[in-house]
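Peer 1: Provided herewith: target-v4.cif, mmCIF, C-alpha atoms.
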data_query
#
loop_
_atom_site.group_PDB
_atom_site.id
_atom_site.type_symbol
_atom_site.label_atom_id
_atom_site.label_comp_id
_atom_site.auth_asym_id
_atom_site.auth_seq_id
_atom_site.Cartn_x
_atom_site.Cartn_y
_atom_site.Cartn_z
ATOM 1 C CA MET A 1 142.729 89.251 114.651
ATOM 2 C CA ASN A 2 146.183 89.189 116.335
ATOM 3 C CA LYS A 3 148.790 87.217 114.497
ATOM 4 C CA THR A 4 151.772 85.660 116.265
ATOM 5 C CA ARG A 5 155.066 86.690 114.876
ATOM 6 C CA GLN A 6 157.794 84.084 114.425
ATOM 7 C CA GLY A 7 161.463 85.114 114.535
ATOM 8 C CA ARG A 8 164.734 84.161 116.070
ATOM 9 C CA PRO A 9 164.562 83.443 119.798
ATOM 10 C CA ALA A 10 166.584 85.453 122.239
ATOM 11 C CA PRO A 11 170.076 84.047 123.014
ATOM 12 C CA GLY A 12 169.218 83.040 126.560
ATOM 13 C CA THR A 13 166.130 81.142 125.399
ATOM 14 C CA LEU A 14 168.069 78.396 123.631
ATOM 15 C CA VAL A 15 170.194 77.776 126.710
ATOM 16 C CA LEU A 16 167.200 77.522 128.976
ATOM 17 C CA LEU A 17 165.411 75.233 126.531
ATOM 18 C CA GLY A 18 168.545 73.067 126.310
ATOM 19 C CA PHE A 19 168.645 72.609 130.073
ATOM 20 C CA LEU A 20 164.967 71.784 130.141
ATOM 21 C CA LEU A 21 165.359 69.146 127.422
ATOM 22 C CA LEU A 22 168.375 67.689 129.213
ATOM 23 C CA GLY A 23 166.397 67.452 132.406
ATOM 24 C CA LEU A 24 163.469 65.744 130.649
ATOM 25 C CA SER A 25 165.808 63.344 128.871
ATOM 26 C CA SER A 26 167.680 62.285 131.995
ATOM 27 C CA SER A 27 164.506 61.775 134.017
ATOM 28 C CA GLY A 28 162.777 59.820 131.249
ATOM 29 C CA CYS A 29 165.673 57.344 130.740
ATOM 30 C CA ARG A 30 166.545 56.601 134.322
ATOM 31 C CA GLY A 31 168.356 53.236 134.734
ATOM 32 C CA VAL A 32 169.627 52.946 131.114
ATOM 33 C CA SER A 33 173.170 54.030 130.066
ATOM 34 C CA SER A 34 174.436 54.686 126.576
ATOM 35 C CA PRO A 35 177.755 52.919 125.600
ATOM 36 C CA ALA A 36 179.341 56.220 124.562
ATOM 37 C CA LEU A 37 178.313 57.877 127.832
ATOM 38 C CA THR A 38 179.682 54.890 129.759
ATOM 39 C CA ALA A 39 183.100 55.062 128.098
ATOM 40 C CA THR A 40 183.411 58.756 128.798
ATOM 41 C CA THR A 41 182.480 58.283 132.441
ATOM 42 C CA GLU A 42 185.041 55.483 133.012
ATOM 43 C CA ALA A 43 187.820 57.495 131.389
ATOM 44 C CA THR A 44 187.231 60.597 133.478
ATOM 45 C CA ASN A 45 186.314 58.898 136.756
ATOM 46 C CA PRO A 46 187.448 55.231 137.127
ATOM 47 C CA ALA A 47 185.760 54.937 140.505
ATOM 48 C CA VAL A 48 182.357 55.220 138.937
ATOM 49 C CA LYS A 49 180.837 51.828 138.207
ATOM 50 C CA THR A 50 178.775 51.570 135.081
ATOM 51 C CA VAL A 51 176.005 49.284 134.016
ATOM 52 C CA SER A 52 176.427 47.445 130.755
ATOM 53 C CA PRO A 53 173.603 47.634 128.210
ATOM 54 C CA ALA A 54 173.110 43.872 128.476
ATOM 55 C CA THR A 55 172.299 44.070 132.190
ATOM 56 C CA ALA A 56 170.475 47.382 132.131
ATOM 57 C CA THR A 57 167.072 47.337 133.814
ATOM 58 C CA PRO A 58 164.407 48.649 131.490
ATOM 59 C CA PRO A 59 162.119 51.320 132.884
ATOM 60 C CA VAL A 60 158.886 50.038 134.345
ATOM 61 C CA ARG A 61 155.852 51.407 132.624
ATOM 62 C CA ALA A 62 152.640 51.818 134.515
ATOM 63 C CA THR A 63 149.825 49.788 133.017
ATOM 64 C CA ARG A 64 146.341 51.197 132.904
ATOM 65 C CA THR A 65 143.597 48.765 133.804
ATOM 66 C CA ALA A 66 140.386 49.297 131.925
ATOM 67 C CA ALA A 67 137.461 50.068 134.200
ATOM 68 C CA THR A 68 134.959 47.230 134.442
ATOM 69 C CA PRO A 69 131.484 48.478 133.537
ATOM 70 C CA PRO A 70 128.757 47.739 136.066
ATOM 71 C CA PRO A 71 126.604 44.728 135.191
ATOM 72 C CA ALA A 72 123.485 45.539 133.245
ATOM 73 C CA ASP A 73 120.262 45.289 135.206
ATOM 74 C CA PRO A 74 118.074 42.771 133.351
ATOM 75 C CA THR A 75 114.950 44.012 135.154
ATOM 76 C CA PRO A 76 113.819 47.490 134.091
ATOM 77 C CA THR A 77 112.722 49.851 136.830
ATOM 78 C CA PRO A 78 108.919 50.027 136.977
ATOM 79 C CA PRO A 79 107.251 53.441 136.829
ATOM 80 C CA PRO A 80 106.099 55.091 140.071
ATOM 81 C CA VAL A 81 102.827 54.027 141.662
ATOM 82 C CA ALA A 82 99.852 56.230 140.823
ATOM 83 C CA PRO A 83 96.273 55.758 139.549
ATOM 84 C CA GLN A 84 97.199 57.312 136.203
ATOM 85 C CA GLU A 85 97.886 56.030 132.722
ATOM 86 C CA GLY A 86 101.542 55.085 132.349
ATOM 87 C CA PHE A 87 102.053 54.550 136.094
ATOM 88 C CA THR A 88 102.100 51.371 138.157
ATOM 89 C CA ALA A 89 98.623 50.547 139.445
ATOM 90 C CA PRO A 90 98.309 50.784 143.248
ATOM 91 C CA ASP A 91 98.331 47.325 144.774
ATOM 92 C CA PHE A 92 95.465 46.155 146.968
ATOM 93 C CA SER A 93 94.137 43.057 148.676
ATOM 94 C CA LEU A 94 90.376 42.579 149.063
ATOM 95 C CA PRO A 95 88.070 39.675 149.960
ATOM 96 C CA ASP A 96 85.632 38.205 147.470
ATOM 97 C CA LEU A 97 82.070 37.123 148.317
ATOM 98 C CA GLN A 98 83.364 33.808 149.704
ATOM 99 C CA GLY A 99 85.968 35.493 151.919
ATOM 100 C CA SER A 100 89.016 34.593 149.799
ATOM 101 C CA ALA A 101 91.614 37.347 149.436
ATOM 102 C CA PHE A 102 92.487 38.704 145.990
ATOM 103 C CA THR A 103 95.674 40.754 145.577
ATOM 104 C CA LEU A 104 96.268 42.728 142.403
ATOM 105 C CA SER A 105 99.992 41.921 142.254
ATOM 106 C CA GLN A 106 99.262 38.181 142.200
ATOM 107 C CA PHE A 107 98.059 38.650 138.620
ATOM 108 C CA ARG A 108 101.327 40.200 137.389
ATOM 109 C CA GLY A 109 101.962 38.882 133.886
ATOM 110 C CA ARG A 110 98.247 38.960 132.992
ATOM 111 C CA PRO A 111 96.049 41.842 131.812
ATOM 112 C CA VAL A 112 93.610 42.988 134.495
ATOM 113 C CA LEU A 113 90.361 44.935 134.206
ATOM 114 C CA ILE A 114 89.458 46.632 137.511
ATOM 115 C CA ASN A 115 85.904 47.951 137.655
ATOM 116 C CA PHE A 116 84.609 50.056 140.586
ATOM 117 C CA TRP A 117 80.838 49.757 140.953
ATOM 118 C CA THR A 118 77.837 49.481 143.314
ATOM 119 C CA THR A 119 74.538 47.610 143.136
ATOM 120 C CA TRP A 120 72.487 50.824 143.488
ATOM 121 C CA CYS A 121 74.134 52.531 140.504
ATOM 122 C CA PRO A 122 71.943 52.146 137.368
ATOM 123 C CA TYR A 123 74.933 52.444 135.008
ATOM 124 C CA CYS A 124 76.755 49.741 136.965
ATOM 125 C CA ARG A 125 73.793 47.416 136.700
ATOM 126 C CA GLU A 126 73.687 48.152 132.998
ATOM 127 C CA GLU A 127 77.340 47.192 132.367
ATOM 128 C CA ILE A 128 77.607 44.172 134.682
ATOM 129 C CA ASP A 129 76.450 41.781 131.934
ATOM 130 C CA ALA A 130 79.265 42.972 129.631
ATOM 131 C CA LEU A 131 81.783 42.395 132.432
ATOM 132 C CA GLU A 132 80.438 38.896 133.055
ATOM 133 C CA LYS A 133 80.706 37.994 129.364
ATOM 134 C CA THR A 134 84.224 39.441 129.184
ATOM 135 C CA HIS A 135 85.214 37.277 132.142
ATOM 136 C CA HIS A 136 84.292 34.171 130.125
ATOM 137 C CA ARG A 137 85.298 35.250 126.610
ATOM 138 C CA TYR A 138 88.840 36.311 127.537
ATOM 139 C CA ALA A 139 89.575 33.669 130.171
ATOM 140 C CA ASP A 140 91.663 31.568 127.766
ATOM 141 C CA GLN A 141 93.805 34.661 127.010
ATOM 142 C CA GLY A 142 94.607 35.187 130.665
ATOM 143 C CA VAL A 143 92.517 38.337 131.161
ATOM 144 C CA VAL A 144 91.352 38.900 134.743
ATOM 145 C CA VAL A 145 88.191 40.876 135.485
ATOM 146 C CA LEU A 146 87.834 42.222 139.034
ATOM 147 C CA ALA A 147 84.498 43.862 139.939
ATOM 148 C CA VAL A 148 85.210 45.924 143.069
ATOM 149 C CA ASP A 149 82.025 46.836 144.933
ATOM 150 C CA VAL A 150 82.350 50.014 146.997
ATOM 151 C CA GLN A 151 80.993 50.435 150.558
ATOM 152 C CA GLU A 152 78.144 47.942 150.556
ATOM 153 C CA LYS A 153 77.306 45.094 152.886
ATOM 154 C CA ALA A 154 78.315 41.645 151.761
ATOM 155 C CA GLU A 155 74.703 40.402 152.008
ATOM 156 C CA THR A 156 73.522 43.066 149.559
ATOM 157 C CA VAL A 157 76.164 42.209 146.984
ATOM 158 C CA ILE A 158 75.725 38.456 147.387
ATOM 159 C CA SER A 159 71.984 38.786 146.789
ATOM 160 C CA PHE A 160 72.611 40.860 143.653
ATOM 161 C CA ALA A 161 75.178 38.363 142.315
ATOM 162 C CA GLN A 162 72.852 35.420 142.909
ATOM 163 C CA GLU A 163 69.956 37.225 141.224
ATOM 164 C CA LEU A 164 71.985 37.672 138.005
ATOM 165 C CA ASP A 165 73.932 34.409 138.349
ATOM 166 C CA LEU A 166 77.276 36.225 138.257
ATOM 167 C CA THR A 167 80.482 34.177 138.337
ATOM 168 C CA LEU A 168 83.187 36.814 137.799
ATOM 169 C CA PRO A 169 85.306 37.729 140.864
ATOM 170 C CA ILE A 170 83.418 40.331 142.926
ATOM 171 C CA LEU A 171 85.507 42.002 145.625
ATOM 172 C CA LEU A 172 84.314 44.025 148.620
ATOM 173 C CA ASP A 173 85.892 47.438 149.297
ATOM 174 C CA GLN A 174 83.741 48.093 152.341
ATOM 175 C CA ASP A 175 85.838 50.901 153.819
ATOM 176 C CA ALA A 176 86.437 52.521 150.399
ATOM 177 C CA SER A 177 90.207 52.477 150.980
ATOM 178 C CA THR A 178 90.912 50.975 147.556
ATOM 179 C CA VAL A 179 88.653 53.288 145.588
ATOM 180 C CA ARG A 180 90.297 56.216 147.375
ATOM 181 C CA SER A 181 93.770 54.937 146.512
ATOM 182 C CA TYR A 182 92.637 55.053 142.876
ATOM 183 C CA SER A 183 91.362 58.638 143.276
ATOM 184 C CA THR A 184 88.017 57.557 141.825
ATOM 185 C CA MET A 185 85.138 59.985 142.302
ATOM 186 C CA VAL A 186 82.771 58.621 139.645
ATOM 187 C CA ILE A 187 81.041 55.241 139.599
ATOM 188 C CA PRO A 188 81.477 53.222 137.434
ATOM 189 C CA THR A 189 85.148 53.715 136.575
ATOM 190 C CA SER A 190 87.402 51.058 135.044
ATOM 191 C CA PHE A 191 91.192 50.672 134.964
ATOM 192 C CA PHE A 192 92.855 48.498 132.330
ATOM 193 C CA VAL A 193 96.205 47.265 133.696
ATOM 194 C CA ASP A 194 98.803 45.619 131.462
ATOM 195 C CA GLN A 195 100.938 42.538 132.107
ATOM 196 C CA GLN A 196 103.633 44.601 133.873
ATOM 197 C CA GLY A 197 101.116 46.110 136.295
ATOM 198 C CA VAL A 198 101.009 49.490 134.552
ATOM 199 C CA VAL A 199 97.741 51.365 133.988
ATOM 200 C CA SER A 200 97.180 51.500 130.222
ATOM 201 C CA PHE A 201 93.673 52.955 130.017
ATOM 202 C CA ILE A 202 91.121 54.571 132.342
ATOM 203 C CA HIS A 203 87.464 54.567 131.343
ATOM 204 C CA THR A 204 84.850 56.625 133.181
ATOM 205 C CA GLY A 205 81.215 55.605 132.714
ATOM 206 C CA PRO A 206 79.513 52.355 131.730
ATOM 207 C CA LEU A 207 81.292 49.802 129.570
ATOM 208 C CA THR A 208 79.920 47.810 126.660
ATOM 209 C CA GLU A 209 81.377 44.668 125.125
ATOM 210 C CA GLU A 210 82.545 46.694 122.119
ATOM 211 C CA ILE A 211 84.362 49.241 124.305
ATOM 212 C CA ILE A 212 85.984 46.490 126.364
ATOM 213 C CA ASP A 213 87.100 44.674 123.198
ATOM 214 C CA THR A 214 88.787 47.842 121.935
ATOM 215 C CA TYR A 215 90.778 48.297 125.127
ATOM 216 C CA LEU A 216 91.707 44.634 125.512
ATOM 217 C CA THR A 217 92.771 44.305 121.883
ATOM 218 C CA ASP A 218 95.300 47.078 122.374
ATOM 219 C CA LEU A 219 96.382 45.575 125.700
ATOM 220 C CA LEU A 220 96.884 42.073 124.312
ATOM 221 C CA ASP A 221 98.650 43.343 121.198
ATOM 222 C CA GLY A 222 101.225 44.965 123.452
ATOM 223 C CA GLU A 223 102.355 41.646 124.977
#
Could you express the structure from this file as structure tokens?
Peer 2:
Amino acid sequence: MNKTRQGRPAPGTLVLLGFLLLGLSSSGCRGVSSPALTATTEATNPAVKTVSPATATPPVRATRTAATPPPADPTPTPPPVAPQEGFTAPDFSLPDLQGSAFTLSQFRGRPVLINFWTTWCPYCREEIDALEKTHHRYADQGVVVLAVDVQEKAETVISFAQELDLTLPILLDQDASTVRSYSTMVIPTSFFVDQQGVVSFIHTGPLTEEIIDTYLTDLLDGE
């Protein structure tokens, strides 16, 4: 390791340093005169007018204004839209069996169970009773159950709903645009969406009341 030696500076160094200090001193005290310096100046050059200490103008110091932080955004940015857990559920608007439009985003603030199904699917027919009971059992807790029928005629679905006396909202995705936006290839498939519109769970295959209770318990506990 190199060590710096300390010794006496060269003769010219002190002179140069003295001029530098004098220059710094004169520039830093501009506008203020010392009484001793004033007396010397008047004696040697009477034409020079001096400023008394009482009327000397103090140097103006620049004030630094603290930067104002940007206001905090009270609304957190939602995650990107995608049919995946942890992402915002794709929005959609579909008619029910009476022709009334249902839009997913209108239920923001409430848990939503979206179930893709058809009347010809045996597993869908098997789980529809559990969905109907969930619609009634969780209604007072704000849970919304949406049974989205895929690519069937309204008459077929209406007949099926009347046969089983179904009262839960049944929506018609007749062109399969919604099921495609959810990248669903298997029927039945269910998406559990939380109060902020984010997909919390995806279940492939038939649901039972016990399975639904497990998902909804976790969803409601996260309020």
Peer 1: For stretch 144-161 of chain A, find every residue with an atom within 7 Å (counting all atoms listed in the file), except residues of its own chain fewer than 4 positions away, and show them as a list in words.
Peer 2: Leu97, Pro111, Val112, Leu113, Ile114, Asn115, Phe116, Trp117, Thr118, Thr119, His135, Asp165, Leu166, Leu168, Pro169, Ile170, Leu171, Leu172, Asp173, Gln174, Asp175 and Ala176 of chain A
Peer 1: On this structure, the PyMOL selection byres ((chain A and resi 91) around 10) would catch which residues? List them as JSON, numbers by chain, sorted by chain and number.
Peer 2: {"A": [81, 82, 88, 89, 90, 92, 93, 103, 104, 105, 106, 178, 181, 182, 197]}
Peer 1: Give the answer as one residue: which of A:Phe107, A:Phe102, A:Tyr123, A:Tyr138 has the shortest atom-to-atom distance to A:Val198, using all atoms listed in the file?
Peer 2: A:Phe107
Peer 1: Compute the distance from (75.3, 44.9, 130.3) to each atom, counting all atoms listed in the file, keep the residues with any atom at most 12 Å away, and return them as an MDAnalysis selection string; use the coordinates of the file.
Peer 2: chainID A and resid 122:134 164 166 206:212
Peer 1: Could you pull out every residue with an atom within 10 Å of (99.6, 54.3, 132.7), file coordinates, counting only C-alpha atoms, and send them as a list in words?
Peer 2: Pro79, Pro80, Val81, Ala82, Pro83, Gln84, Glu85, Gly86, Phe87, Thr88, Ala89, Phe191, Phe192, Val193, Asp194, Gly197, Val198, Val199, Ser200, Phe201 and Ile202 of chain A
Peer 1: Just C-alpha atoms for this one: save the residues we selected as a compact mmCIF listing (two decimals), keeping the file's coordinate frame.
Peer 2:
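The new file result.txt reads:
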# COMPACT_ATOMS: atom_id res chain seq x y z
CA PRO A 79 107.25 53.44 136.83
CA PRO A 80 106.10 55.09 140.07
CA VAL A 81 102.83 54.03 141.66
CA ALA A 82 99.85 56.23 140.82
CA PRO A 83 96.27 55.76 139.55
CA GLN A 84 97.20 57.31 136.20
CA GLU A 85 97.89 56.03 132.72
CA GLY A 86 101.54 55.08 132.35
CA PHE A 87 102.05 54.55 136.09
CA THR A 88 102.10 51.37 138.16
CA ALA A 89 98.62 50.55 139.44
CA PHE A 191 91.19 50.67 134.96
CA PHE A 192 92.86 48.50 132.33
CA VAL A 193 96.20 47.26 133.70
CA ASP A 194 98.80 45.62 131.46
CA GLY A 197 101.12 46.11 136.29
CA VAL A 198 101.01 49.49 134.55
CA VAL A 199 97.74 51.36 133.99
CA SER A 200 97.18 51.50 130.22
CA PHE A 201 93.67 52.96 130.02
CA ILE A 202 91.12 54.57 132.34
Peer 1: In terms of the shortest atom-to-atom distance over only C-alpha atoms, which of A:Thr167, A:Gln98, A:Thr204, A:Gln162 is closest to A:His136?
Peer 2: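 Smallest distance to A:His136 is found for A:Thr167.
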Peer 1: If you measure from atom CA of A:Ala139 to atom CA of A:Thr77, what distance in Å do you get, rounded to one decimal?
Peer 2: 29.0 Å
Peer 1: Could you work out how far atom CA of A:Val179 lies from atom CA of A:Pro95, giving the answer in Å with one decimal?
Peer 2: 14.3 Å
Peer 1: Under the rule that all atoms listed in the file are counted, which of A:Thr214, A:Cys121, A:Ala101, A:Asp96 is the nearest residue to A:Pro188?
Peer 2: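 Going through A:Thr214, A:Cys121, A:Ala101, A:Asp96 one by one, the smallest distance to A:Pro188 is for A:Cys121.
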Peer 1: Atom CA of A:Gln196 to atom CA of A:Pro78: how many Å, to one decimal?
Peer 2: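 For atom CA of A:Gln196 relative to atom CA of A:Pro78, the distance reads 8.2 Å.
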